[in-house]
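Asker: This is the structure I want to talk about, given as structure tokens.
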Amino acid sequence: MSTAPVIRCDLPGSFARSVFHERHPELVRRVLAALPYGPGERAAVERLLAESTGGLLEPLPAHAHDAARWLEWGEGRWGRPWGELPFLWAESYFYRRLLEATGYFGAGAWQGVDPFGPFKAAELAGAAVDEELAALDDPDGSAPQALLGSALWGNRADLSFGMTAAPGAGSGAGGLLVDQSALFWGELARADGGRVCVVADNAGRELLPDLVLIDHLLGTGGAARVLLYVKPQPYFVSDATMADVLASVERLRAAHPVGERLWRAMGDGTLVVRTHPFFCAPLPFHELPADLRAEFAGAAMTIVKGDLNYRRLVGDRYWPPSTPFAEAAGHFPSAVTALRTLKSEVVVGVDDATVGRLDSSDPAWRTSGRHAVVQVSVSGRGRPRSAG
């Protein structure tokens with residue numbers, strides 16, 4: 001296990017601390033304004049905010065369906081200040097507690113109501129989506145590398161990031177710091193139509209280009225079958241669930257033939273949407289459960305989308321940025337490609353000269369969303385995979 005320090009929430013001036021003390025208060029304000037929650041739900045949400053910004057960590061109520069699981073995950077942490085917790089763990093638990101506070105898992109009328117649903121729906125219906133879908137008819141926009149780039153930079157469409165981003169942050173491509181896209185396409189060609197797994201990140205404007213890329217892979221033989229993994233419940237504001245996949249496919253069906261192709265692919269099993277409780281666990285990917293590890297191990301390639309999945313893939317630590325990506329991600333059970341725009345402090349696979357230049361010219365380069373990486377590790381490649 002790496003000796004690189006785990007990122008925590010208590011370092012003054014750190015990005016992790018700002019998430020809890022700047023982003024989450026704004027998130028709570030918007031959640032309570034977006035849906036007419038009653039006094040009980042509203043009070044529970046406000047209590048969570050107060051606890052997570054200045055209180056001690058409390059466990060889930062004993063009646064919660066996953067209370068025992070979280071007690072185990074949080075062993076040795078209960079009763080400690082939130083700021084002392086690992087950032088990844090604390091952020092995951094905040095969103096689990098937010099669902100508890102809003103009644104998502106309860107027996108009442110708010111059961112199953114996505115607290116982030118209004119944000120997702122507004123984004124999917126927005127004019128910006130119309131413009132992006134219109135680009136699908138442009139031959140240059142439908143070229144393989146352009147589709148990969150759209151899926152990469154679509155990761156900037158993160159609703160939680162937009163809540164506290166500085167003006168102009170994420171509004172333009174500041175630079176592709178690492179581009180191993182040629183290795184990505186080469187691995188797919190070598191596999192000759194194997195099974196590709198895609199671990200989704202955000203819904204809406206990120207999921208749409210992900211789906212278009214999946215359609216391309218299926219249509220050109222780059223993949224014989226695609227497994228698309230989504231969250232089992234609302235998570236991190238805009239993370240994609242099955243409901244979001246259905247909404248995005250319907251949006252595509254209304255605008256372009258790609259939507260109908262995806263609909264048929266889901267019907268005939270060449271595109272399969274899956275989920276697993278692990279995707280909302282506060283754990284890194286090196287702790288994949290055996291069943292999920294076995295699924296990934298059969299893939300020709302796994303595409304891991306977004307910042308949170310990147311943190312889980314390489315470990316949410318203060319790595320030396322020049323640490324090779326394959327060293328940090330080599331534990332993954334298949335060849336893996338990370339498509340990620342940088343919106344948190346962890347980064348690997350970036351050479352020292354680039355880091356020095358960015359540190360002096362753009363101190364917020366790790367968290368601004370203006371820079372991105374396409375990184376590939378074939379360490380877990382093993383034998384050629386089937387499409388099964």
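Chain labels follow the order of the structure tokens: the first chain is A, the next B, and so on; residue numbering restarts at 1 in every chain, and ligands are counted from 1 in their shown order.
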Skip Ala299 in chain A itself and residues of its chain fewer than 4 positions away, then list as an mmCIF file with N, CA, C and O atoms, in the first residue's frame all residues within 7 Å of it, counting only C-alpha atoms.
Answerer:
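Generated file (result02.cif):
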data_model
loop_
_atom_site.group_PDB
_atom_site.id
_atom_site.type_symbol
_atom_site.label_atom_id
_atom_site.label_comp_id
_atom_site.auth_asym_id
_atom_site.auth_seq_id
_atom_site.Cartn_x
_atom_site.Cartn_y
_atom_site.Cartn_z
ATOM 1 N N GLY A 194 -13.926 -7.206 -28.210
ATOM 2 C CA GLY A 194 -14.207 -7.793 -26.906
ATOM 3 C C GLY A 194 -15.272 -7.015 -26.149
ATOM 4 O O GLY A 194 -15.958 -6.151 -26.691
ATOM 5 N N ARG A 195 -15.381 -7.328 -24.882
ATOM 6 C CA ARG A 195 -16.332 -6.641 -24.010
ATOM 7 C C ARG A 195 -15.668 -5.417 -23.390
ATOM 8 O O ARG A 195 -14.538 -5.494 -22.887
ATOM 9 N N VAL A 196 -16.351 -4.294 -23.434
ATOM 10 C CA VAL A 196 -15.861 -3.048 -22.859
ATOM 11 C C VAL A 196 -16.770 -2.665 -21.704
ATOM 12 O O VAL A 196 -17.999 -2.702 -21.825
ATOM 13 N N CYS A 197 -16.177 -2.316 -20.573
ATOM 14 C CA CYS A 197 -16.918 -1.806 -19.423
ATOM 15 C C CYS A 197 -16.731 -0.294 -19.354
ATOM 16 O O CYS A 197 -15.629 0.206 -19.593
ATOM 17 N N SER A 334 -8.481 -5.310 -15.189
ATOM 18 C CA SER A 334 -8.440 -5.296 -16.654
ATOM 19 C C SER A 334 -7.600 -4.112 -17.092
ATOM 20 O O SER A 334 -7.214 -3.268 -16.280
ATOM 21 N N ARG A 385 -9.826 -11.185 -24.045
ATOM 22 C CA ARG A 385 -11.139 -11.421 -23.468
ATOM 23 C C ARG A 385 -12.184 -11.755 -24.527
ATOM 24 O O ARG A 385 -12.085 -11.315 -25.667
#
Asker: What's around Ala290 in chain A at 12 Å? Count only C-alpha atoms, leave out sequence neighbours fewer than 5 positions away in its own chain, and write the answer as a PyMOL selection string.
Answerer: chain A and resi 276+278+285+295-297+333
Asker: What does the file look like for those residues with all heavy atoms, as a PDB file, in the first residue's frame?
Answerer:
ATOM      1  N   HIS A 276     -24.063  -1.712  -8.681  1.00  0.00           N
ATOM      2  CA  HIS A 276     -23.559  -2.531  -7.573  1.00  0.00           C
ATOM      3  C   HIS A 276     -23.450  -1.607  -6.360  1.00  0.00           C
ATOM      4  O   HIS A 276     -23.074  -0.431  -6.505  1.00  0.00           O
ATOM      5  CB  HIS A 276     -22.179  -3.098  -7.937  1.00  0.00           C
ATOM      6  CG  HIS A 276     -21.710  -4.182  -7.022  1.00  0.00           C
ATOM      7  ND1 HIS A 276     -21.260  -3.934  -5.735  1.00  0.00           N
ATOM      8  CD2 HIS A 276     -21.612  -5.535  -7.198  1.00  0.00           C
ATOM      9  CE1 HIS A 276     -20.905  -5.079  -5.164  1.00  0.00           C
ATOM     10  NE2 HIS A 276     -21.103  -6.057  -6.030  1.00  0.00           N
ATOM     11  N   PHE A 278     -21.243  -1.299  -4.292  1.00  0.00           N
ATOM     12  CA  PHE A 278     -19.876  -0.796  -4.131  1.00  0.00           C
ATOM     13  C   PHE A 278     -19.695   0.590  -4.733  1.00  0.00           C
ATOM     14  O   PHE A 278     -18.858   1.367  -4.260  1.00  0.00           O
ATOM     15  CB  PHE A 278     -18.886  -1.770  -4.777  1.00  0.00           C
ATOM     16  CG  PHE A 278     -17.456  -1.319  -4.680  1.00  0.00           C
ATOM     17  CD1 PHE A 278     -16.738  -1.510  -3.509  1.00  0.00           C
ATOM     18  CD2 PHE A 278     -16.828  -0.691  -5.744  1.00  0.00           C
ATOM     19  CE1 PHE A 278     -15.410  -1.076  -3.412  1.00  0.00           C
ATOM     20  CE2 PHE A 278     -15.515  -0.268  -5.655  1.00  0.00           C
ATOM     21  CZ  PHE A 278     -14.810  -0.461  -4.480  1.00  0.00           C
ATOM     22  N   PHE A 285     -10.972   1.519  -5.425  1.00  0.00           N
ATOM     23  CA  PHE A 285     -11.214   0.379  -6.304  1.00  0.00           C
ATOM     24  C   PHE A 285     -10.300  -0.815  -6.003  1.00  0.00           C
ATOM     25  O   PHE A 285     -10.581  -1.919  -6.458  1.00  0.00           O
ATOM     26  CB  PHE A 285     -11.070   0.796  -7.767  1.00  0.00           C
ATOM     27  CG  PHE A 285     -12.248   1.541  -8.318  1.00  0.00           C
ATOM     28  CD1 PHE A 285     -12.205   2.058  -9.602  1.00  0.00           C
ATOM     29  CD2 PHE A 285     -13.398   1.723  -7.580  1.00  0.00           C
ATOM     30  CE1 PHE A 285     -13.288   2.744 -10.138  1.00  0.00           C
ATOM     31  CE2 PHE A 285     -14.488   2.412  -8.087  1.00  0.00           C
ATOM     32  CZ  PHE A 285     -14.440   2.933  -9.377  1.00  0.00           C
ATOM     33  N   GLU A 295     -16.231  -9.455 -12.896  1.00  0.00           N
ATOM     34  CA  GLU A 295     -16.846  -8.853 -14.082  1.00  0.00           C
ATOM     35  C   GLU A 295     -15.837  -8.008 -14.852  1.00  0.00           C
ATOM     36  O   GLU A 295     -15.733  -8.097 -16.073  1.00  0.00           O
ATOM     37  CB  GLU A 295     -18.050  -8.003 -13.684  1.00  0.00           C
ATOM     38  CG  GLU A 295     -19.247  -8.799 -13.193  1.00  0.00           C
ATOM     39  CD  GLU A 295     -20.445  -7.921 -12.910  1.00  0.00           C
ATOM     40  OE1 GLU A 295     -20.502  -6.793 -13.448  1.00  0.00           O
ATOM     41  OE2 GLU A 295     -21.336  -8.357 -12.154  1.00  0.00           O
ATOM     42  N   PHE A 296     -15.092  -7.194 -14.141  1.00  0.00           N
ATOM     43  CA  PHE A 296     -14.102  -6.351 -14.813  1.00  0.00           C
ATOM     44  C   PHE A 296     -12.967  -7.192 -15.401  1.00  0.00           C
ATOM     45  O   PHE A 296     -12.420  -6.860 -16.459  1.00  0.00           O
ATOM     46  CB  PHE A 296     -13.533  -5.320 -13.845  1.00  0.00           C
ATOM     47  CG  PHE A 296     -14.475  -4.201 -13.499  1.00  0.00           C
ATOM     48  CD1 PHE A 296     -14.733  -3.878 -12.176  1.00  0.00           C
ATOM     49  CD2 PHE A 296     -15.098  -3.475 -14.488  1.00  0.00           C
ATOM     50  CE1 PHE A 296     -15.599  -2.836 -11.852  1.00  0.00           C
ATOM     51  CE2 PHE A 296     -15.976  -2.431 -14.182  1.00  0.00           C
ATOM     52  CZ  PHE A 296     -16.224  -2.116 -12.851  1.00  0.00           C
ATOM     53  N   ALA A 297     -12.615  -8.280 -14.732  1.00  0.00           N
ATOM     54  CA  ALA A 297     -11.502  -9.097 -15.190  1.00  0.00           C
ATOM     55  C   ALA A 297     -11.774  -9.704 -16.557  1.00  0.00           C
ATOM     56  O   ALA A 297     -10.840 -10.068 -17.273  1.00  0.00           O
ATOM     57  CB  ALA A 297     -11.213 -10.199 -14.175  1.00  0.00           C
ATOM     58  N   PRO A 333      -8.326  -5.029 -12.384  1.00  0.00           N
ATOM     59  CA  PRO A 333      -8.270  -6.364 -12.983  1.00  0.00           C
ATOM     60  C   PRO A 333      -8.371  -6.438 -14.499  1.00  0.00           C
ATOM     61  O   PRO A 333      -8.372  -7.535 -15.054  1.00  0.00           O
ATOM     62  CB  PRO A 333      -9.466  -7.080 -12.340  1.00  0.00           C
ATOM     63  CG  PRO A 333     -10.408  -5.994 -11.960  1.00  0.00           C
ATOM     64  CD  PRO A 333      -9.543  -4.828 -11.588  1.00  0.00           C
TER      65      PRO A 333
END
Asker: Which residue is closest to Arg17 in chain A? Choose from A:Gly154, A:Gly54, A:Pro5, A:Pro118 and count only C-alpha atoms.
Answerer: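 Closest candidate: A:Gly54.
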Asker: So the first atom is CA of Phe94 in chain A and the second is CA of Val6 in chain A; what is the distance between them in Å, to one decimal place?
Answerer: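 CA of Phe94 in chain A sits 18.1 Å away from CA of Val6 in chain A.
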Asker: Check range 141-255 of chain A with DSSP on the backbone and list each residue it calls strand (DSSP E or B), as a list in words.
Answerer: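 These are the residues in question: Gly175, Leu176, Leu177, Val178, Asp179, Arg195, Val196, Cys197, Val198, Val199, Asn202, Arg225, Val226, Leu227, Leu228, Tyr229, Val230 and Asp239 of chain A.
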Asker: Would you list the contacts of range 226-234 of chain A as a list in words, taking every protein, DNA or RNA residue within 6 Å and counting only C-alpha atoms, but skipping same-chain residues closer than 3 positions in sequence?
Answerer: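 In the requested format, the answer is Arg195, Val196, Cys197, Val198, Val199, Ala200, Ala240, Thr241, Leu271, Val272, Val273, Arg274, Thr275 and Phe279 of chain A.
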Asker: Pro81 in chain A: which residues within 10 Å, counting only C-alpha atoms, same-chain residues fewer than 6 positions away excluded, as an mmCIF file with C-alpha atoms, in the first residue's frame?
Answerer:
data_model
loop_
_atom_site.group_PDB
_atom_site.id
_atom_site.type_symbol
_atom_site.label_atom_id
_atom_site.label_comp_id
_atom_site.auth_asym_id
_atom_site.auth_seq_id
_atom_site.Cartn_x
_atom_site.Cartn_y
_atom_site.Cartn_z
ATOM 1 C CA CYS A 9 -10.703 17.436 5.185
ATOM 2 C CA ASP A 10 -9.005 19.522 7.859
ATOM 3 C CA GLU A 51 -22.532 18.194 12.099
ATOM 4 C CA SER A 52 -20.357 17.835 8.987
ATOM 5 C CA THR A 53 -18.859 21.327 9.272
ATOM 6 C CA GLY A 54 -18.250 21.512 13.001
ATOM 7 C CA GLY A 55 -19.529 18.445 14.807
ATOM 8 C CA LEU A 56 -18.640 14.839 15.521
ATOM 9 C CA LEU A 57 -19.346 11.909 13.241
ATOM 10 C CA GLU A 58 -22.609 10.127 14.048
#
Asker: Choose the residue, out of A:Ser14, A:Thr341, A:Ser361, A:Ser377, that has the smallest atom-to-atom separation from Leu177 in chain A; count only C-alpha atoms.
Answerer: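 Under the stated criterion, the closest residue is A:Thr341.
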Asker: Please extract the residues of range 159-385 of chain A with a backbone DSSP assignment of helix (DSSP H, G or I) and present them as number ranges by chain.
Answerer: A: 159-164, 181-191, 207-220, 242-253, 257-268, 277-280, 285-287, 290-297, 306-314, 325-329, 352-361
Asker: If we count only C-alpha atoms, what is near Arg312 in chain A at a cut-off of 6 Å, once residues fewer than 3 positions away on the same chain are taken out, given as a PyMOL selection string?
Answerer: chain A and resi 284-285+309+315
Asker: Find the distance between CA of Leu288 in chain A and CA of Arg23 in chain A and write it in Å to one decimal.
Answerer: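 About the pair CA of Leu288 in chain A and CA of Arg23 in chain A: they are 28.8 Å apart.
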Asker: For Ala143 in chain A, which residue out of A:Leu313, A:Val212, A:Leu85, A:Ala34 is the nearest one, using only C-alpha atoms?
Answerer: A:Val212
Asker: If we count only C-alpha atoms, what is near Val376 in chain A at a cut-off of 9 Å, once residues fewer than 4 positions away on the same chain are taken out, given as a PyMOL selection string?
Answerer: chain A and resi 180-181+183-184+325-326+329+335-338
Asker: Go ahead and write the residues just picked, N, CA and C atoms, as a tab-separated table (two decimals), in the first residue's frame.
Answerer:
chain	number	residue	atom	x	y	z
A	180	GLN	N	-2.99	9.58	-23.84
A	180	GLN	CA	-2.66	8.22	-24.25
A	180	GLN	C	-3.80	7.60	-25.06
A	181	SER	N	-4.50	8.45	-25.79
A	181	SER	CA	-5.64	7.96	-26.57
A	181	SER	C	-5.21	6.97	-27.65
A	183	LEU	N	-2.94	4.71	-27.36
A	183	LEU	CA	-2.84	3.42	-26.68
A	183	LEU	C	-4.23	2.85	-26.43
A	184	PHE	N	-5.18	3.71	-26.08
A	184	PHE	CA	-6.57	3.27	-25.89
A	184	PHE	C	-7.12	2.61	-27.14
A	325	PHE	N	1.00	6.37	-13.80
A	325	PHE	CA	-0.40	5.96	-13.71
A	325	PHE	C	-0.52	4.45	-13.58
A	326	ALA	N	0.30	3.71	-14.33
A	326	ALA	CA	0.22	2.25	-14.28
A	326	ALA	C	0.59	1.72	-12.90
A	329	ALA	N	-2.66	2.54	-10.79
A	329	ALA	CA	-3.88	1.89	-11.27
A	329	ALA	C	-3.66	0.45	-11.68
A	335	ALA	N	-7.31	-4.05	-18.38
A	335	ALA	CA	-6.78	-2.80	-18.91
A	335	ALA	C	-7.78	-1.70	-18.60
A	336	VAL	N	-7.29	-0.53	-18.23
A	336	VAL	CA	-8.19	0.53	-17.79
A	336	VAL	C	-7.75	1.87	-18.37
A	337	THR	N	-8.73	2.65	-18.81
A	337	THR	CA	-8.49	4.00	-19.32
A	337	THR	C	-9.26	4.99	-18.46
A	338	ALA	N	-8.56	5.99	-17.96
A	338	ALA	CA	-9.20	7.06	-17.19
A	338	ALA	C	-9.42	8.27	-18.10
Asker: I want to know what sits within 8 Å of Leu339 in chain A, based on only C-alpha atoms, with residues of the same chain fewer than 4 positions away left out; could you give that as a short mmCIF file (atom, residue, chain, number, x, y, z; two decimals) with N, CA and C atoms, in the first residue's frame?
Answerer:
data_model
loop_
_atom_site.label_atom_id
_atom_site.label_comp_id
_atom_site.auth_asym_id
_atom_site.auth_seq_id
_atom_site.Cartn_x
_atom_site.Cartn_y
_atom_site.Cartn_z
N ALA A 151 -16.39 12.80 -24.73
CA ALA A 151 -16.61 12.07 -23.49
C ALA A 151 -15.67 12.56 -22.39
N LEU A 152 -14.44 12.89 -22.77
CA LEU A 152 -13.47 13.40 -21.80
C LEU A 152 -13.90 14.74 -21.24
N ILE A 303 -13.35 1.64 -19.18
CA ILE A 303 -13.23 3.09 -19.24
C ILE A 303 -13.79 3.65 -17.93
N VAL A 304 -12.96 4.35 -17.20
CA VAL A 304 -13.34 4.92 -15.93
C VAL A 304 -13.50 6.43 -16.12
N LYS A 305 -14.72 6.90 -15.94
CA LYS A 305 -15.03 8.30 -16.20
C LYS A 305 -14.95 9.15 -14.94
N GLY A 306 -14.39 10.34 -15.07
CA GLY A 306 -14.57 11.38 -14.09
C GLY A 306 -13.61 11.42 -12.93
N ALA A 372 -7.11 18.18 -18.22
CA ALA A 372 -7.64 16.81 -18.32
C ALA A 372 -6.52 15.83 -18.61
N VAL A 373 -6.86 14.54 -18.43
CA VAL A 373 -5.92 13.47 -18.76
C VAL A 373 -6.68 12.32 -19.42
N VAL A 374 -6.01 11.70 -20.38
CA VAL A 374 -6.43 10.40 -20.91
C VAL A 374 -5.28 9.46 -20.59
N GLN A 375 -5.48 8.60 -19.59
CA GLN A 375 -4.40 7.74 -19.10
C GLN A 375 -4.82 6.28 -19.20
#
Asker: Using only C-alpha atoms, tabulate the residues of range 84-142 of chain A lying at most 12 Å from any atom of range 244-261 of chain A, each with its closest atom pair and that distance in Å to one decimal, by chain and increasing residue number, as JSON lines.
Answerer:
{"residue": "A:Asp114", "atom": "CA", "partner": "A:Asp244", "partner_atom": "CA", "distance": 10.5}
{"residue": "A:Phe116", "atom": "CA", "partner": "A:Asp244", "partner_atom": "CA", "distance": 11.1}
{"residue": "A:Gly117", "atom": "CA", "partner": "A:Asp244", "partner_atom": "CA", "distance": 9.1}
{"residue": "A:Pro118", "atom": "CA", "partner": "A:Asp244", "partner_atom": "CA", "distance": 11.8}
{"residue": "A:Phe119", "atom": "CA", "partner": "A:Asp244", "partner_atom": "CA", "distance": 11.7}
{"residue": "A:Lys120", "atom": "CA", "partner": "A:Asp244", "partner_atom": "CA", "distance": 8.1}
{"residue": "A:Ala121", "atom": "CA", "partner": "A:Ala247", "partner_atom": "CA", "distance": 8.6}
{"residue": "A:Ala122", "atom": "CA", "partner": "A:Ala247", "partner_atom": "CA", "distance": 11.8}
{"residue": "A:Glu123", "atom": "CA", "partner": "A:Ser248", "partner_atom": "CA", "distance": 10.9}
{"residue": "A:Leu124", "atom": "CA", "partner": "A:Ser248", "partner_atom": "CA", "distance": 7.5}
{"residue": "A:Ala125", "atom": "CA", "partner": "A:Arg251", "partner_atom": "CA", "distance": 8.3}
{"residue": "A:Gly126", "atom": "CA", "partner": "A:Arg251", "partner_atom": "CA", "distance": 11.1}
{"residue": "A:Val129", "atom": "CA", "partner": "A:Arg251", "partner_atom": "CA", "distance": 9.3}
{"residue": "A:Asp130", "atom": "CA", "partner": "A:Ala255", "partner_atom": "CA", "distance": 8.2}
{"residue": "A:Glu131", "atom": "CA", "partner": "A:Ala255", "partner_atom": "CA", "distance": 10.8}
{"residue": "A:Glu132", "atom": "CA", "partner": "A:Ala255", "partner_atom": "CA", "distance": 10.6}
{"residue": "A:Leu133", "atom": "CA", "partner": "A:Ala255", "partner_atom": "CA", "distance": 7.1}
{"residue": "A:Ala134", "atom": "CA", "partner": "A:Ala255", "partner_atom": "CA", "distance": 8.1}
{"residue": "A:Ala135", "atom": "CA", "partner": "A:His256", "partner_atom": "CA", "distance": 10.5}
{"residue": "A:Leu136", "atom": "CA", "partner": "A:His256", "partner_atom": "CA", "distance": 8.0}
{"residue": "A:Asp137", "atom": "CA", "partner": "A:His256", "partner_atom": "CA", "distance": 8.6}
{"residue": "A:Ser142", "atom": "CA", "partner": "A:Val258", "partner_atom": "CA", "distance": 11.2}
Asker: Just to confirm, what's the straight-line distance from CA of Pro282 in chain A to CA of Leu88 in chain A in Å (one decimal)?
Answerer: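 These two atoms are separated by 6.3 Å.
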Asker: Rank nothing, just name the residue among A:Asp215, A:Asp210, A:Asp179, A:Asp307 nearest to Arg340 in chain A, using only C-alpha atoms.
Answerer: A:Asp307
